[in-house]
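Quick look at query-v5.csv (CSV, C-alpha atoms):
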```csv
chain,number,residue,atom,x,y,z
E,1,MET,CA,3.1,-41.7,7.0
E,2,GLN,CA,0.7,-39.2,5.3
E,3,VAL,CA,0.8,-35.7,6.7
E,4,LEU,CA,-2.0,-33.1,6.6
E,5,ILE,CA,-0.6,-29.6,6.3
E,6,VAL,CA,-2.8,-26.8,7.7
E,7,ASN,CA,-1.7,-23.4,6.5
E,8,THR,CA,-4.0,-20.7,8.0
E,9,GLY,CA,-3.8,-17.4,6.3
E,10,SER,CA,-5.6,-14.1,6.7
E,11,SER,CA,-8.8,-15.2,4.9
E,12,SER,CA,-8.5,-18.9,4.2
E,13,VAL,CA,-7.1,-22.2,5.4
E,14,LYS,CA,-5.1,-24.2,2.8
E,15,LEU,CA,-5.1,-27.9,3.4
E,16,SER,CA,-2.8,-30.4,1.7
E,17,VAL,CA,-1.9,-34.0,2.3
E,18,LEU,CA,1.7,-35.1,1.5
E,19,GLY,CA,2.9,-38.6,1.3
E,20,GLU,CA,6.4,-40.1,1.6
E,21,GLY,CA,8.8,-38.1,-0.5
E,22,GLY,CA,6.6,-35.0,-0.4
E,23,GLU,CA,4.1,-36.1,-3.0
E,24,GLN,CA,0.9,-34.1,-2.8
E,25,LEU,CA,-2.0,-36.5,-2.5
E,26,GLY,CA,-4.8,-34.0,-2.2
E,27,ASN,CA,-5.6,-30.4,-1.3
E,28,SER,CA,-8.5,-28.2,-0.3
E,29,THR,CA,-9.2,-24.6,0.7
E,30,LEU,CA,-11.5,-23.4,3.4
E,31,GLU,CA,-12.8,-19.8,3.7
E,32,LEU,CA,-12.6,-18.3,7.2
E,33,ARG,CA,-15.9,-17.3,8.6
E,34,ASP,CA,-15.7,-14.3,11.0
E,35,GLY,CA,-12.0,-14.9,11.2
E,36,THR,CA,-12.2,-18.5,12.2
E,37,VAL,CA,-12.6,-22.0,10.8
E,38,THR,CA,-15.0,-24.5,12.2
E,39,ALA,CA,-14.7,-28.2,13.0
E,40,GLU,CA,-17.6,-28.8,10.6
E,41,GLN,CA,-15.7,-27.2,7.8
E,42,MET,CA,-12.6,-29.2,8.6
E,43,GLN,CA,-14.6,-32.4,8.8
E,44,GLY,CA,-16.2,-31.8,5.4
E,45,ALA,CA,-12.8,-31.1,3.8
E,46,LEU,CA,-11.1,-34.1,5.3
E,47,GLU,CA,-13.9,-36.4,4.0
E,48,GLU,CA,-12.7,-35.5,0.5
E,49,LEU,CA,-9.0,-35.9,1.2
E,50,PRO,CA,-6.8,-39.1,1.7
E,51,ARG,CA,-6.4,-40.5,5.2
E,52,VAL,CA,-3.8,-38.7,7.4
E,53,ASP,CA,-1.5,-40.0,10.1
E,54,ALA,CA,-0.2,-36.7,11.4
E,55,VAL,CA,-1.0,-33.0,11.1
E,56,GLY,CA,1.4,-30.0,10.8
E,57,HIS,CA,0.1,-26.5,11.5
E,58,ARG,CA,1.8,-23.3,10.3
E,59,VAL,CA,1.9,-20.8,13.1
E,60,VAL,CA,3.2,-17.3,12.2
E,61,HIS,CA,4.6,-16.4,15.6
E,62,GLY,CA,6.2,-18.4,18.3
E,63,GLY,CA,7.5,-15.5,20.4
E,64,GLU,CA,10.6,-16.3,22.5
E,65,ASP,CA,9.1,-19.6,23.8
E,66,PHE,CA,9.0,-21.6,20.6
E,67,ARG,CA,12.3,-22.0,18.8
E,68,ALA,CA,11.5,-25.4,17.2
E,69,PRO,CA,8.5,-27.5,16.2
E,70,VAL,CA,6.5,-28.9,19.1
E,71,VAL,CA,3.8,-31.6,19.5
E,72,LEU,CA,0.5,-29.9,20.4
E,73,ASP,CA,-1.2,-30.6,23.7
E,74,GLU,CA,-3.4,-28.4,26.0
E,75,HIS,CA,-0.3,-26.9,27.7
E,76,VAL,CA,1.4,-25.9,24.4
E,77,ILE,CA,-1.8,-24.5,23.0
E,78,GLU,CA,-2.2,-22.2,26.1
E,79,ARG,CA,1.4,-21.1,25.6
E,80,ILE,CA,0.7,-20.3,22.0
E,81,ARG,CA,-2.4,-18.4,23.1
E,82,GLY,CA,-0.1,-16.3,25.3
E,83,VAL,CA,2.0,-15.3,22.2
E,84,ALA,CA,-1.1,-14.1,20.3
E,85,VAL,CA,-0.7,-10.6,21.6
E,86,LEU,CA,2.5,-10.3,19.5
E,87,ALA,CA,0.6,-11.2,16.3
E,88,PRO,CA,-3.1,-10.6,17.0
E,89,LEU,CA,-4.1,-10.8,13.3
E,90,HIS,CA,-2.5,-14.2,12.7
E,91,VAL,CA,-2.1,-16.4,15.8
E,92,PRO,CA,-5.8,-16.5,16.8
E,93,LYS,CA,-6.7,-17.7,13.3
E,94,ALA,CA,-4.0,-20.4,13.5
E,95,LEU,CA,-5.4,-21.4,16.9
E,96,ALA,CA,-8.8,-21.8,15.4
E,97,GLY,CA,-7.4,-24.1,12.8
E,98,ILE,CA,-5.6,-26.1,15.5
E,99,GLU,CA,-8.7,-26.4,17.5
E,100,ALA,CA,-10.8,-27.5,14.5
E,101,ALA,CA,-8.3,-30.1,13.5
E,102,ARG,CA,-8.0,-31.5,17.0
E,103,LYS,CA,-11.7,-31.9,17.3
E,104,VAL,CA,-12.0,-33.8,14.0
E,105,LEU,CA,-8.8,-35.8,14.5
E,106,PRO,CA,-8.5,-36.2,18.3
E,107,ASP,CA,-6.3,-39.3,18.2
E,108,THR,CA,-3.9,-38.0,15.5
E,109,ALA,CA,-0.5,-36.5,16.5
E,110,GLN,CA,-0.4,-32.8,15.6
E,111,VAL,CA,2.7,-30.5,15.5
E,112,ALA,CA,3.0,-26.7,15.5
E,113,CYS,CA,5.6,-25.3,13.1
E,114,PHE,CA,6.6,-21.7,13.7
E,115,ASP,CA,7.6,-19.1,11.1
E,116,THR,CA,9.7,-17.3,13.6
E,117,ALA,CA,11.7,-20.4,14.7
E,118,PHE,CA,14.2,-20.3,11.8
E,119,HIS,CA,15.3,-16.9,13.1
E,120,ALA,CA,15.9,-18.0,16.6
E,121,THR,CA,19.7,-18.2,15.8
E,122,LEU,CA,19.9,-14.4,15.2
E,123,PRO,CA,22.6,-12.9,17.4
E,124,PRO,CA,21.7,-10.3,20.0
E,125,GLU,CA,23.0,-7.5,17.9
E,126,ALA,CA,20.5,-8.4,15.1
E,127,THR,CA,17.5,-8.8,17.5
E,128,THR,CA,17.9,-5.8,19.8
E,129,TYR,CA,16.2,-2.5,19.1
E,130,ALA,CA,18.0,0.7,20.3
E,131,ILE,CA,15.1,1.8,22.4
E,132,PRO,CA,14.8,2.2,26.2
E,133,LYS,CA,15.7,-1.0,28.0
E,134,GLY,CA,12.6,-0.9,30.1
E,135,TRP,CA,10.4,-1.0,27.0
E,136,ARG,CA,12.3,-4.0,25.7
E,137,GLU,CA,12.0,-5.9,28.9
E,138,ARG,CA,8.5,-5.0,29.8
E,139,HIS,CA,6.9,-5.8,26.5
E,140,GLY,CA,9.3,-8.3,24.8
E,141,LEU,CA,10.2,-5.7,22.1
E,142,ARG,CA,12.8,-7.3,19.8
E,143,ARG,CA,13.2,-8.4,16.2
E,144,TYR,CA,11.7,-11.8,15.6
E,145,GLY,CA,11.7,-12.2,11.8
E,146,PHE,CA,9.1,-14.1,9.8
E,147,HIS,CA,8.7,-16.3,6.6
E,148,GLY,CA,11.0,-18.7,8.4
E,149,LEU,CA,9.5,-21.8,6.9
E,150,SER,CA,10.1,-20.5,3.4
E,151,HIS,CA,13.6,-19.3,4.2
E,152,SER,CA,14.5,-22.6,5.9
E,153,TYR,CA,13.3,-24.7,2.9
E,154,ALA,CA,15.0,-22.4,0.3
E,155,SER,CA,18.3,-22.6,2.3
E,156,ARG,CA,18.2,-26.4,2.2
E,157,ARG,CA,17.1,-26.7,-1.3
E,158,ALA,CA,19.8,-24.3,-2.5
E,159,ALA,CA,22.4,-26.7,-1.1
E,160,GLU,CA,20.8,-29.6,-2.9
E,161,LEU,CA,20.8,-27.7,-6.2
E,162,ALA,CA,24.4,-26.6,-5.7
E,163,GLY,CA,25.5,-30.1,-4.8
E,164,GLY,CA,27.2,-29.0,-1.6
E,165,PRO,CA,27.7,-26.0,0.7
E,166,VAL,CA,26.4,-22.6,-0.6
E,167,GLY,CA,28.6,-20.5,1.7
E,168,ARG,CA,27.3,-17.1,2.5
E,169,LEU,CA,23.7,-17.2,1.4
E,170,VAL,CA,21.0,-14.5,1.1
E,171,VAL,CA,17.4,-15.8,0.5
E,172,ALA,CA,15.0,-13.3,-1.0
E,173,HIS,CA,11.4,-14.4,-0.3
E,174,LEU,CA,9.4,-12.0,-2.5
E,175,GLY,CA,5.7,-12.4,-2.5
E,176,ALA,CA,2.8,-10.4,-1.2
E,177,GLY,CA,4.9,-10.3,2.0
E,178,ALA,CA,8.6,-10.0,1.4
E,179,SER,CA,11.7,-10.6,3.5
E,180,LEU,CA,15.4,-11.4,3.3
E,181,SER,CA,17.5,-13.7,5.4
E,182,ALA,CA,21.3,-14.0,5.8
E,183,VAL,CA,22.3,-17.6,6.3
E,184,ARG,CA,25.6,-19.3,6.9
E,185,ASP,CA,26.0,-23.0,7.6
E,186,GLY,CA,22.2,-23.3,7.9
E,187,ARG,CA,22.0,-20.7,10.6
E,188,CYS,CA,20.1,-17.4,10.1
E,189,LEU,CA,22.3,-14.5,11.2
E,190,ASP,CA,20.1,-11.6,10.0
E,191,THR,CA,16.7,-10.8,8.5
E,192,THR,CA,14.7,-7.8,7.3
E,193,MET,CA,11.3,-8.3,9.2
E,194,GLY,CA,11.4,-7.3,12.8
E,195,PHE,CA,8.9,-7.1,15.7
E,196,THR,CA,6.2,-7.3,13.1
E,197,PRO,CA,6.1,-8.3,9.4
E,198,THR,CA,5.8,-4.6,8.4
E,199,GLU,CA,9.5,-3.9,8.8
E,200,GLY,CA,12.0,-4.2,5.9
E,201,LEU,CA,11.2,-4.4,2.2
E,202,VAL,CA,8.5,-2.8,0.2
E,203,MET,CA,5.7,-5.4,-0.1
E,204,ALA,CA,2.3,-5.7,-1.9
E,205,THR,CA,0.4,-3.5,0.7
E,206,ARG,CA,2.9,-3.2,3.5
E,207,SER,CA,5.2,-0.1,3.6
E,208,GLY,CA,8.3,-1.7,4.9
E,209,ASP,CA,10.7,0.6,6.7
E,210,VAL,CA,9.5,4.1,7.4
E,211,ASP,CA,10.9,6.8,9.7
E,212,PRO,CA,9.3,6.2,13.1
E,213,GLY,CA,9.2,10.0,13.5
E,214,LEU,CA,6.8,10.1,10.4
E,215,VAL,CA,4.4,7.8,12.2
E,216,LEU,CA,4.5,10.0,15.4
E,217,TRP,CA,4.0,13.1,13.3
E,218,LEU,CA,0.9,11.6,11.7
E,219,LEU,CA,-0.5,10.7,15.2
E,220,GLN,CA,0.4,14.0,16.8
E,221,TYR,CA,-0.1,16.6,14.0
E,222,GLY,CA,-1.7,14.8,11.1
E,223,GLY,CA,-5.0,14.2,12.8
E,224,MET,CA,-4.9,10.5,12.3
E,225,ALA,CA,-6.0,7.7,14.7
E,226,PRO,CA,-3.7,4.8,15.5
E,227,ASP,CA,-5.9,2.3,13.6
E,228,GLU,CA,-5.9,4.6,10.5
E,229,VAL,CA,-2.1,4.8,10.5
E,230,ALA,CA,-1.7,1.0,11.1
E,231,GLY,CA,-4.1,0.3,8.2
E,232,GLY,CA,-2.2,2.6,5.9
E,233,LEU,CA,1.2,1.0,6.7
E,234,ASP,CA,-0.1,-2.6,6.5
E,235,ARG,CA,-2.9,-2.5,3.9
E,236,GLY,CA,-2.6,0.8,2.0
E,237,GLY,CA,1.2,1.0,1.6
E,238,GLY,CA,3.8,-0.9,-0.4
E,239,LEU,CA,3.2,-1.3,-4.1
E,240,TYR,CA,-0.4,-0.4,-3.6
E,241,GLY,CA,0.5,2.9,-2.0
E,242,LEU,CA,3.0,3.7,-4.7
E,243,THR,CA,1.0,2.6,-7.8
E,244,GLY,CA,-2.6,1.8,-6.8
E,245,ASP,CA,-1.9,-1.9,-7.7
E,246,SER,CA,-0.7,-4.4,-5.2
E,247,ASP,CA,0.1,-7.2,-7.7
E,248,MET,CA,3.5,-7.0,-9.3
E,249,ARG,CA,2.1,-8.5,-12.5
E,250,ASP,CA,-0.2,-5.5,-12.9
E,251,VAL,CA,2.6,-3.1,-12.2
E,252,MET,CA,4.7,-4.8,-14.9
E,253,GLU,CA,1.9,-4.6,-17.4
E,254,ARG,CA,1.6,-0.9,-16.8
E,255,ILE,CA,5.3,-0.4,-17.2
E,256,GLY,CA,5.0,-2.1,-20.5
E,257,ARG,CA,2.7,0.8,-21.4
E,258,ASP,CA,5.3,3.3,-20.2
E,259,ASP,CA,3.3,4.3,-17.1
E,260,PRO,CA,5.5,6.7,-15.1
E,261,VAL,CA,3.7,5.9,-11.8
E,262,ALA,CA,4.3,2.2,-12.2
E,263,ARG,CA,7.9,2.7,-13.2
E,264,LEU,CA,8.5,4.8,-10.0
E,265,GLY,CA,6.8,2.1,-7.9
E,266,LEU,CA,9.2,-0.6,-9.3
E,267,GLY,CA,12.1,1.8,-8.8
E,268,VAL,CA,11.3,2.2,-5.2
E,269,TYR,CA,10.8,-1.5,-4.8
E,270,LEU,CA,14.2,-2.3,-6.4
E,271,HIS,CA,16.0,0.4,-4.5
E,272,ARG,CA,15.0,-1.0,-1.2
E,273,LEU,CA,15.6,-4.6,-2.3
E,274,ARG,CA,19.1,-3.9,-3.5
E,275,ALA,CA,20.0,-2.0,-0.3
E,276,LYS,CA,18.7,-4.7,1.9
E,277,VAL,CA,20.4,-7.5,0.1
E,278,ALA,CA,23.7,-5.6,0.5
E,279,ALA,CA,22.9,-5.2,4.2
E,280,MET,CA,22.4,-9.0,4.5
E,281,ALA,CA,25.7,-9.5,2.7
E,282,ALA,CA,27.4,-7.2,5.1
E,283,SER,CA,26.1,-9.4,8.0
E,284,LEU,CA,27.7,-12.4,6.3
E,285,ASN,CA,31.0,-10.5,5.4
E,286,GLY,CA,30.3,-11.3,1.8
E,287,LEU,CA,28.0,-13.1,-0.6
E,288,ASP,CA,28.3,-16.5,-2.3
E,289,THR,CA,24.8,-17.4,-3.2
E,290,LEU,CA,21.6,-15.4,-3.8
E,291,VAL,CA,18.2,-17.2,-3.9
E,292,PHE,CA,14.9,-15.7,-5.3
E,293,THR,CA,11.7,-17.4,-4.1
E,294,GLY,CA,8.0,-16.5,-3.5
E,295,GLY,CA,5.5,-15.4,-6.1
E,296,VAL,CA,7.4,-12.3,-7.3
E,297,GLY,CA,10.8,-13.9,-6.8
E,298,GLU,CA,9.9,-16.9,-8.9
E,299,HIS,CA,7.8,-15.3,-11.7
E,300,GLN,CA,9.2,-11.8,-12.4
E,301,PRO,CA,12.4,-11.9,-14.4
E,302,PRO,CA,12.6,-8.0,-14.5
E,303,VAL,CA,12.7,-7.9,-10.7
E,304,ARG,CA,15.5,-10.5,-10.6
E,305,ALA,CA,17.4,-8.7,-13.4
E,306,GLY,CA,16.9,-5.3,-11.8
E,307,ALA,CA,18.1,-6.5,-8.4
E,308,ALA,CA,21.1,-8.2,-10.0
E,309,GLU,CA,22.0,-5.0,-11.9
E,310,GLY,CA,22.3,-3.0,-8.7
E,311,LEU,CA,24.2,-5.8,-6.9
E,312,ALA,CA,27.0,-6.2,-9.6
E,313,PHE,CA,29.5,-4.7,-7.1
E,314,LEU,CA,29.0,-7.8,-5.0
E,315,GLY,CA,29.6,-10.1,-7.9
E,316,VAL,CA,25.9,-10.8,-8.8
E,317,ALA,CA,25.0,-11.2,-12.5
E,318,VAL,CA,22.3,-13.3,-14.1
E,319,ASP,CA,22.2,-14.9,-17.5
E,320,THR,CA,19.6,-13.1,-19.6
E,321,ALA,CA,18.2,-16.2,-21.3
E,322,ALA,CA,18.3,-18.4,-18.2
E,323,ASN,CA,16.6,-15.6,-16.2
E,324,GLU,CA,13.8,-15.1,-18.8
E,325,GLY,CA,13.2,-18.8,-19.1
E,326,ALA,CA,13.6,-19.7,-15.4
E,327,HIS,CA,11.2,-22.3,-14.0
E,328,THR,CA,11.1,-24.5,-11.0
E,329,ASP,CA,14.5,-24.6,-9.1
E,330,THR,CA,16.8,-23.0,-11.8
E,331,ASP,CA,20.3,-21.7,-11.8
E,332,ILE,CA,20.3,-18.3,-13.6
E,333,THR,CA,23.9,-17.4,-12.9
E,334,ALA,CA,25.7,-15.6,-15.7
E,335,PRO,CA,29.0,-17.2,-16.9
E,336,GLY,CA,31.9,-15.9,-14.8
E,337,ALA,CA,29.8,-14.4,-12.0
E,338,LYS,CA,31.2,-14.6,-8.5
E,339,VAL,CA,27.8,-15.1,-6.9
E,340,ARG,CA,25.6,-18.1,-7.7
E,341,THR,CA,22.0,-17.0,-8.3
E,342,LEU,CA,19.1,-19.5,-8.0
E,343,VAL,CA,15.4,-19.4,-8.4
E,344,ILE,CA,13.6,-21.8,-6.0
E,345,THR,CA,9.9,-22.6,-5.8
E,346,ALA,CA,8.6,-21.7,-2.3
E,347,ARG,CA,7.4,-24.9,-0.6
E,348,GLU,CA,6.4,-24.2,3.0
E,349,ASP,CA,4.3,-27.3,2.8
E,350,LEU,CA,7.4,-29.5,2.3
E,351,GLU,CA,9.2,-27.7,5.2
E,352,ILE,CA,6.2,-28.3,7.5
E,353,ASP,CA,6.0,-31.9,6.3
E,354,GLY,CA,9.7,-32.4,7.1
E,355,GLU,CA,9.4,-30.8,10.5
E,356,VAL,CA,6.4,-33.0,11.4
E,357,ARG,CA,8.3,-36.2,10.4
E,358,ARG,CA,11.4,-35.2,12.3
E,359,THR,CA,9.5,-34.2,15.4
E,360,LEU,CA,7.5,-37.4,15.4
E,361,GLY,CA,10.4,-39.6,14.3
E,362,GLY,CA,8.5,-40.8,11.2
```
As structure tokens, the full file:
Amino acid sequence: MQVLIVNTGSSSVKLSVLGEGGEQLGNSTLELRDGTVTAEQMQGALEELPRVDAVGHRVVHGGEDFRAPVVLDEHVIERIRGVAVLAPLHVPKALAGIEAARKVLPDTAQVACFDTAFHATLPPEATTYAIPKGWRERHGLRRYGFHGLSHSYASRRAAELAGGPVGRLVVAHLGAGASLSAVRDGRCLDTTMGFTPTEGLVMATRSGDVDPGLVLWLLQYGGMAPDEVAGGLDRGGGLYGLTGDSDMRDVMERIGRDDPVARLGLGVYLHRLRAKVAAMAASLNGLDTLVFTGGVGEHQPPVRAGAAEGLAFLGVAVDTAANEGAHTDTDITAPGAKVRTLVITAREDLEIDGEVRRTLGG
């Protein structure tokens, strides 16, 4: 069976065709037009790709309804449409990709794979906000977590690399968006993103955690409109807000020139990262394995080293040579360290491929 992976992002749709064993047979990228992708675009791309027997769609939010992959039909699509209010910048674009693919491939089985599903095992104490009960019940306000497809893949891949159980595992998905998960026996018990992907770590342009009172102050006394505050937190914050650069590679280059602004930005980033990894370890009652994945996690040795330095009290230590030379799926643990540290290439496409095959029995 050959599976088409449809990964709809904020400005483009990435298509890839995977064969048996996860071999990539072809790929293409479509630019969103007015926030959507058309059947004509999809048709044109598929004409250049190998045949497909099934389709897997990445959907950022499944709400409380979708806790596992599901075969798409009209009823399911309407239920996903009902979840769009929880992620209005993401779900409608994913639905456009689904509709385009179903028009072009009407007789091909298609499966929705949800980024929130991996976090469906979170216990109530990890999902419940300490806000008025009426708010929670009326609006479905709870912590959902995101990047689940990446966290799920990294968790399984870590066990493969370790050759067995990894015990109490923290996965650090560090990219433009960034989040952590606390995993034991394949079950997610805590994560850093919440009701939205803005909560948690410092990211490329997202602020991560801020005092909610600060937001209220800006609205009440700072003369700012809600859209302006939302834009600042999601698109003007994070590394960009700290340094003026959203790409960690640029920040590191500036640090190499002894730029104090860039150095502070990295310091804030690492301060939050260390604290949140420690919090995840507390949810697990200890730490046995730490995984770095995502663009920053995979390609920035100074971030991994800086995080490990501040987590030495948990038993984390990385080998300098292994860390500097780390490549695809590498063990960078220092000799004698109590915690195993791994670098794993993010492969959401492989996770979607696996979910499609398991769902369809192929």
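Using all atoms listed in the file for every distance, the candidate list E:Thr196, E:Ala101, E:His173, E:Tyr144 yields E:Thr196 as the residue closest to E:Pro88.
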- Task: Grab the atom CA of E:Asp245 to atom CA of E:Gly265 distance for me, in Å with one decimal place.
- Result: 9.6 Å
- Query: Please, what distance in Å, to one decimal, runs between atom CA of E:Asn27 and atom CA of E:His327?
  - Reply: 22.6 Å
- Message: Given the point (7.7, -0.1, 9.3) in the file's coordinates, find the residues that have an atom at most 10 Å from it, counting all atoms listed in the file, and give them as a list of chain:residue names.
- Response: E:Met193, E:Gly194, E:Phe195, E:Thr196, E:Pro197, E:Thr198, E:Glu199, E:Gly200, E:Leu201, E:Val202, E:Arg206, E:Ser207, E:Gly208, E:Asp209, E:Val210, E:Asp211, E:Pro212, E:Val215, E:Ala230, E:Leu233, E:Asp234
- Contacts of E:Pro69 within 8 Å, all atoms listed in the file, excl. fewer than 2 positions in-chain, as a ChimeraX atom specification: /E:66-67,71,111-114,117,355-356,359
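Closest approach to E:Gly56 among E:Thr36, E:Gln110, E:Ser181, E:Ser16 is made by E:Gln110 (distances from only C-alpha atoms).
Between atom CA of E:Ile352 and atom CA of E:Val70 the separation is 11.6 Å.
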- Out of E:Pro260, E:Met224, E:Val6, E:Ala54, which residue has the shortest atom-to-atom distance to E:Thr108 when counting all atoms listed in the file? E:Ala54
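Using only C-alpha atoms, the shortest contact distance between E:Gly177 and any of E:Lys276, E:Arg263, E:Arg136, E:Arg235 is found at E:Arg235.
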Hey, what's within 10 Å of E:Val261 if we count only C-alpha atoms and toss same-chain stuff fewer than 5 positions away? As a compact mmCIF listing (two decimals) with C-alpha atoms, in the coordinates of the input, please?
```txt
# COMPACT_ATOMS: atom_id res chain seq x y z
CA LEU E 242 3.00 3.70 -4.70
CA THR E 243 1.00 2.60 -7.80
CA GLY E 244 -2.60 1.80 -6.80
CA VAL E 251 2.60 -3.10 -12.20
CA ARG E 254 1.60 -0.90 -16.80
CA ILE E 255 5.30 -0.40 -17.20
CA LEU E 266 9.20 -0.60 -9.30
CA GLY E 267 12.10 1.80 -8.80
```
- Select all residues near (10.7, -12.6, -8.8) (cut-off 12 Å, inclusive, file coordinates), counting all atoms listed in the file, and output them as a VMD selection string. chain E and resid 171 to 176 178 247 to 249 252 269 to 270 273 291 to 308 323 to 324 326 to 327 342 to 346
Dump of C-alpha atoms for the selected residues, as a PDB file, keeping the file's coordinate frame:
```pdb
ATOM      1  CA  VAL E 171      17.400 -15.800   0.500  1.00  0.00           C
ATOM      2  CA  ALA E 172      15.000 -13.300  -1.000  1.00  0.00           C
ATOM      3  CA  HIS E 173      11.400 -14.400  -0.300  1.00  0.00           C
ATOM      4  CA  LEU E 174       9.400 -12.000  -2.500  1.00  0.00           C
ATOM      5  CA  GLY E 175       5.700 -12.400  -2.500  1.00  0.00           C
ATOM      6  CA  ALA E 176       2.800 -10.400  -1.200  1.00  0.00           C
ATOM      7  CA  ALA E 178       8.600 -10.000   1.400  1.00  0.00           C
ATOM      8  CA  ASP E 247       0.100  -7.200  -7.700  1.00  0.00           C
ATOM      9  CA  MET E 248       3.500  -7.000  -9.300  1.00  0.00           C
ATOM     10  CA  ARG E 249       2.100  -8.500 -12.500  1.00  0.00           C
ATOM     11  CA  MET E 252       4.700  -4.800 -14.900  1.00  0.00           C
ATOM     12  CA  TYR E 269      10.800  -1.500  -4.800  1.00  0.00           C
ATOM     13  CA  LEU E 270      14.200  -2.300  -6.400  1.00  0.00           C
ATOM     14  CA  LEU E 273      15.600  -4.600  -2.300  1.00  0.00           C
ATOM     15  CA  VAL E 291      18.200 -17.200  -3.900  1.00  0.00           C
ATOM     16  CA  PHE E 292      14.900 -15.700  -5.300  1.00  0.00           C
ATOM     17  CA  THR E 293      11.700 -17.400  -4.100  1.00  0.00           C
ATOM     18  CA  GLY E 294       8.000 -16.500  -3.500  1.00  0.00           C
ATOM     19  CA  GLY E 295       5.500 -15.400  -6.100  1.00  0.00           C
ATOM     20  CA  VAL E 296       7.400 -12.300  -7.300  1.00  0.00           C
ATOM     21  CA  GLY E 297      10.800 -13.900  -6.800  1.00  0.00           C
ATOM     22  CA  GLU E 298       9.900 -16.900  -8.900  1.00  0.00           C
ATOM     23  CA  HIS E 299       7.800 -15.300 -11.700  1.00  0.00           C
ATOM     24  CA  GLN E 300       9.200 -11.800 -12.400  1.00  0.00           C
ATOM     25  CA  PRO E 301      12.400 -11.900 -14.400  1.00  0.00           C
ATOM     26  CA  PRO E 302      12.600  -8.000 -14.500  1.00  0.00           C
ATOM     27  CA  VAL E 303      12.700  -7.900 -10.700  1.00  0.00           C
ATOM     28  CA  ARG E 304      15.500 -10.500 -10.600  1.00  0.00           C
ATOM     29  CA  ALA E 305      17.400  -8.700 -13.400  1.00  0.00           C
ATOM     30  CA  GLY E 306      16.900  -5.300 -11.800  1.00  0.00           C
ATOM     31  CA  ALA E 307      18.100  -6.500  -8.400  1.00  0.00           C
ATOM     32  CA  ALA E 308      21.100  -8.200 -10.000  1.00  0.00           C
ATOM     33  CA  ASN E 323      16.600 -15.600 -16.200  1.00  0.00           C
ATOM     34  CA  GLU E 324      13.800 -15.100 -18.800  1.00  0.00           C
ATOM     35  CA  ALA E 326      13.600 -19.700 -15.400  1.00  0.00           C
ATOM     36  CA  HIS E 327      11.200 -22.300 -14.000  1.00  0.00           C
ATOM     37  CA  LEU E 342      19.100 -19.500  -8.000  1.00  0.00           C
ATOM     38  CA  VAL E 343      15.400 -19.400  -8.400  1.00  0.00           C
ATOM     39  CA  ILE E 344      13.600 -21.800  -6.000  1.00  0.00           C
ATOM     40  CA  THR E 345       9.900 -22.600  -5.800  1.00  0.00           C
ATOM     41  CA  ALA E 346       8.600 -21.700  -2.300  1.00  0.00           C
TER      42      ALA E 346
END
```
